[in-house]
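Here the structure is laid out as structure tokens; the discussion comes afterwards.
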Amino acid sequence: MTDDDSEALILSSWQANAGPWITAVREAQIESRRLVTDSAMLAAIDACRPHSVLDLGCGEGWLCRALHGRGLRAWGVDATASLVDAARQADPAGDYQCLDYAAFSQQPPALQVDLVACNFSLFGAEELERLIASLPRVLKRDGHLVIQTLHPHVACGDAPYTDGWREGSWTGFDAAFRDPAPWYFRTLESWVTLLEDSGFLLDRLGEPLHPLTGKPASLLLTARAT
Ligand SMILES: C[S@@+](CC[C@H](N)C(=O)[O-])C[C@H]1O[C@@H](n2cnc3c(N)ncnc32)[C@H](O)[C@@H]1O
């Protein structure tokens with residue numbers, strides 16, 4: 001399977017699973033989000049003191065709504081039309097655009113924000129590299145990029161600790177989820193190198209712990225545009 005095939009499967013999987021995803025997020029069914037990662041993401045954003053945020057891969061829009069509730073200006077971008085529709089319905093005054101990362105990197109929207117947020121929304125390989133490299137164009141000087149993603153040590157499992165495509169799985173999710181997409185595993189070193197190669201300096205690396213397992217619930221990277 002080529003990189004392009006895998007990237008296409010990511011998009012089609014989100015289209016297929018938009019309904020169960022909206023339910024899972026809005027009914028707080030995902031324990032790690034409820035206990036750790038939602039608040040960790042908000043705290044990481046708060047620490048940068050932004051006035052304006054672009055939420056890339058915003059899904060059904062919970063983060064934009066939370067940021068609006070804090071008085072921030074927020075824009076959401078996502079490729080999955082039904083998730084963008086759900087975000088708009090829940091937040092009619094919000095600003096949501098249906099756009100995939102390939103189109104975004106080719107022609108980033110004419111926005112200048114203080115911070116770009118990516119909450120568990122980066123799964124690809126080369127397309128993701130082009131996306132990150134395009135982000136300095138939408139960030140104000142000294143703007144921040146905050147990425148929350150699967151923790152490489154926890155997500156690696158028994159496979160070798162090297163970058164590469166992995167099979168997806170919905171283990172632990174409701175039975176309504178189907179067609180898991182492949183995702184591109186990155187080591188910690190690879191994440192940091194990707195940021196540096198894309199014009200960012202790592203400011204902070206967080207590993208919020210799951211209170212029940214004692215393991216990292218995520219990797220939380222805060223970087224600054226140079
Ligand atoms: C796990 S969900 C996270 C959604 C949201 N950030 C949240 O915290 O609930 C991943 C999101 O990334 C979006 N996504 C994945 N690949 C994308 C791509 N190539 N372009 C745009 N959006 C993409 C999906 O549509 C989905 O909404």
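Quick note on naming: the chains in the structure tokens go A, B, ... in the order shown, residues restart at 1 in each chain, and ligands are numbered from 1 in order of appearance.
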Could you give me the residues within 6 Å of ligand 1, counting only C-alpha atoms and all ligand atoms, as a PyMOL selection string?
-> chain A and resi 10-11+14+57-59+78-80+99-101+119-121
Would you list, as a VMD selection string, the residues of range 121-191 of chain A that end up in helix (DSSP H, G or I) under DSSP run on this structure's backbone?
-> chain A and resid 126 to 138 152 to 155 188 to 191
Within 12 Å of range 16-20 of chain A using only C-alpha atoms, minus same-chain residues under 2 positions, as a PyMOL selection string = chain A and resi 9-14+22-30+59-60+78-87+170+173-181
Looking only at the backbone, which of the residues in range 18-134 of chain A does DSSP tag as strand (DSSP E or B), as a ChimeraX atom specification?
-> /A:52-56,73-78,95-98,113-119
For those residues, write C-alpha atoms to a file as a short mmCIF file (atom, residue, chain, number, x, y, z; two decimals), in the first residue's frame.
data_model
loop_
_atom_site.label_atom_id
_atom_site.label_comp_id
_atom_site.auth_asym_id
_atom_site.auth_seq_id
_atom_site.Cartn_x
_atom_site.Cartn_y
_atom_site.Cartn_z
CA SER A 52 -6.65 33.41 18.53
CA VAL A 53 -6.42 29.66 17.82
CA LEU A 54 -6.70 27.50 14.72
CA ASP A 55 -7.86 23.99 15.64
CA LEU A 56 -6.60 21.65 12.90
CA ARG A 73 -11.24 33.58 18.87
CA ALA A 74 -11.11 30.08 17.37
CA TRP A 75 -11.31 28.58 13.87
CA GLY A 76 -11.81 24.89 13.18
CA VAL A 77 -10.66 23.01 10.09
CA ASP A 78 -11.42 19.36 9.35
CA ASP A 95 -16.03 29.48 12.18
CA TYR A 96 -15.54 25.98 10.75
CA GLN A 97 -14.13 25.03 7.38
CA CYS A 98 -14.20 21.66 5.63
CA VAL A 113 -3.33 33.22 14.59
CA ASP A 114 -1.43 33.09 17.86
CA LEU A 115 -1.64 29.33 18.14
CA VAL A 116 -2.36 26.22 16.07
CA ALA A 117 -3.79 23.29 18.03
CA CYS A 118 -3.82 19.66 16.87
CA ASN A 119 -5.57 17.36 19.32
#
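Each of A:Leu111, A:Ala217, A:Met1, A:Ala225 was checked against Arg33 in chain A using only C-alpha atoms; the smallest atom-to-atom distance is that of A:Ala217.
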Closest contacts (range 99-198 of chain A/range 212-215 of chain A, max 12 Å, only C-alpha atoms) as JSON lines:
{"residue": "A:Leu150", "atom": "CA", "partner": "A:Lys215", "partner_atom": "CA", "distance": 11.7}
{"residue": "A:His151", "atom": "CA", "partner": "A:Lys215", "partner_atom": "CA", "distance": 9.4}
{"residue": "A:Pro152", "atom": "CA", "partner": "A:Lys215", "partner_atom": "CA", "distance": 11.6}
{"residue": "A:His153", "atom": "CA", "partner": "A:Lys215", "partner_atom": "CA", "distance": 9.5}
{"residue": "A:Val154", "atom": "CA", "partner": "A:Lys215", "partner_atom": "CA", "distance": 7.5}
{"residue": "A:Ala155", "atom": "CA", "partner": "A:Lys215", "partner_atom": "CA", "distance": 10.9}
Export C-alpha atoms of the chosen residues as a JSON list (two decimals), in the first residue's frame?
[["chain", "number", "residue", "atom", "x", "y", "z"],
["A", 150, "LEU", "CA", -0.52, 9.16, 21.17],
["A", 151, "HIS", "CA", 2.51, 8.66, 23.40],
["A", 152, "PRO", "CA", 5.08, 6.77, 21.29],
["A", 153, "HIS", "CA", 6.28, 4.52, 24.11],
["A", 154, "VAL", "CA", 2.74, 3.49, 25.00],
["A", 155, "ALA", "CA", 1.43, 3.26, 21.42]]
So which residues touch Arg137 in chain A within 9 Å, counting only C-alpha atoms, skipping near sequence neighbours fewer than 5 positions away, as a list in words?
-> Pro108, Ala110, Leu111 and Gln112 of chain A
File dump, residues just selected, N, CA and C atoms, as a compact mmCIF listing (two decimals), in the first residue's frame:
# COMPACT_ATOMS: atom_id res chain seq x y z
N PRO A 108 -2.72 27.61 2.45
CA PRO A 108 -3.25 27.84 3.81
C PRO A 108 -4.24 29.00 3.80
N ALA A 110 -6.15 32.43 4.62
CA ALA A 110 -5.56 33.75 4.90
C ALA A 110 -5.86 34.14 6.34
N LEU A 111 -5.20 33.45 7.26
CA LEU A 111 -5.41 33.70 8.69
C LEU A 111 -4.05 33.94 9.33
N GLN A 112 -4.04 34.70 10.40
CA GLN A 112 -2.82 34.84 11.20
C GLN A 112 -3.26 34.64 12.65
Could you name the residues that touch Leu122 in chain A at 9 Å or less, counting only C-alpha atoms, but leaving out those on the same chain fewer than 6 positions away, as a short mmCIF file (atom, residue, chain, number, x, y, z; two decimals) with C-alpha atoms, in the first residue's frame?
data_model
loop_
_atom_site.label_atom_id
_atom_site.label_comp_id
_atom_site.auth_asym_id
_atom_site.auth_seq_id
_atom_site.Cartn_x
_atom_site.Cartn_y
_atom_site.Cartn_z
CA LEU A 56 -6.60 21.65 12.90
CA GLY A 57 -8.56 18.41 12.63
CA LEU A 128 1.55 15.56 7.71
CA ILE A 147 0.20 18.97 19.36
CA GLN A 148 -1.36 16.31 21.54
CA THR A 149 -0.91 12.80 20.18
CA TRP A 183 -1.70 5.45 11.10
CA TYR A 184 1.91 6.52 10.91
#
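Residue nearest Trp21 in chain A, chosen from A:Trp62, A:Asp197, A:Leu220, A:Leu35 and counting only C-alpha atoms: A:Trp62.
Using only C-alpha atoms, the smallest distance between any of A:Asp142, A:Asp163, A:Arg186, A:Gly124 and Leu201 in chain A comes from A:Asp142.
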Go through A:Pro109, A:Pro216, A:Gly143, A:Pro211 and flag the residue nearest His51 in chain A, using only C-alpha atoms for the distances.
-> A:Gly143
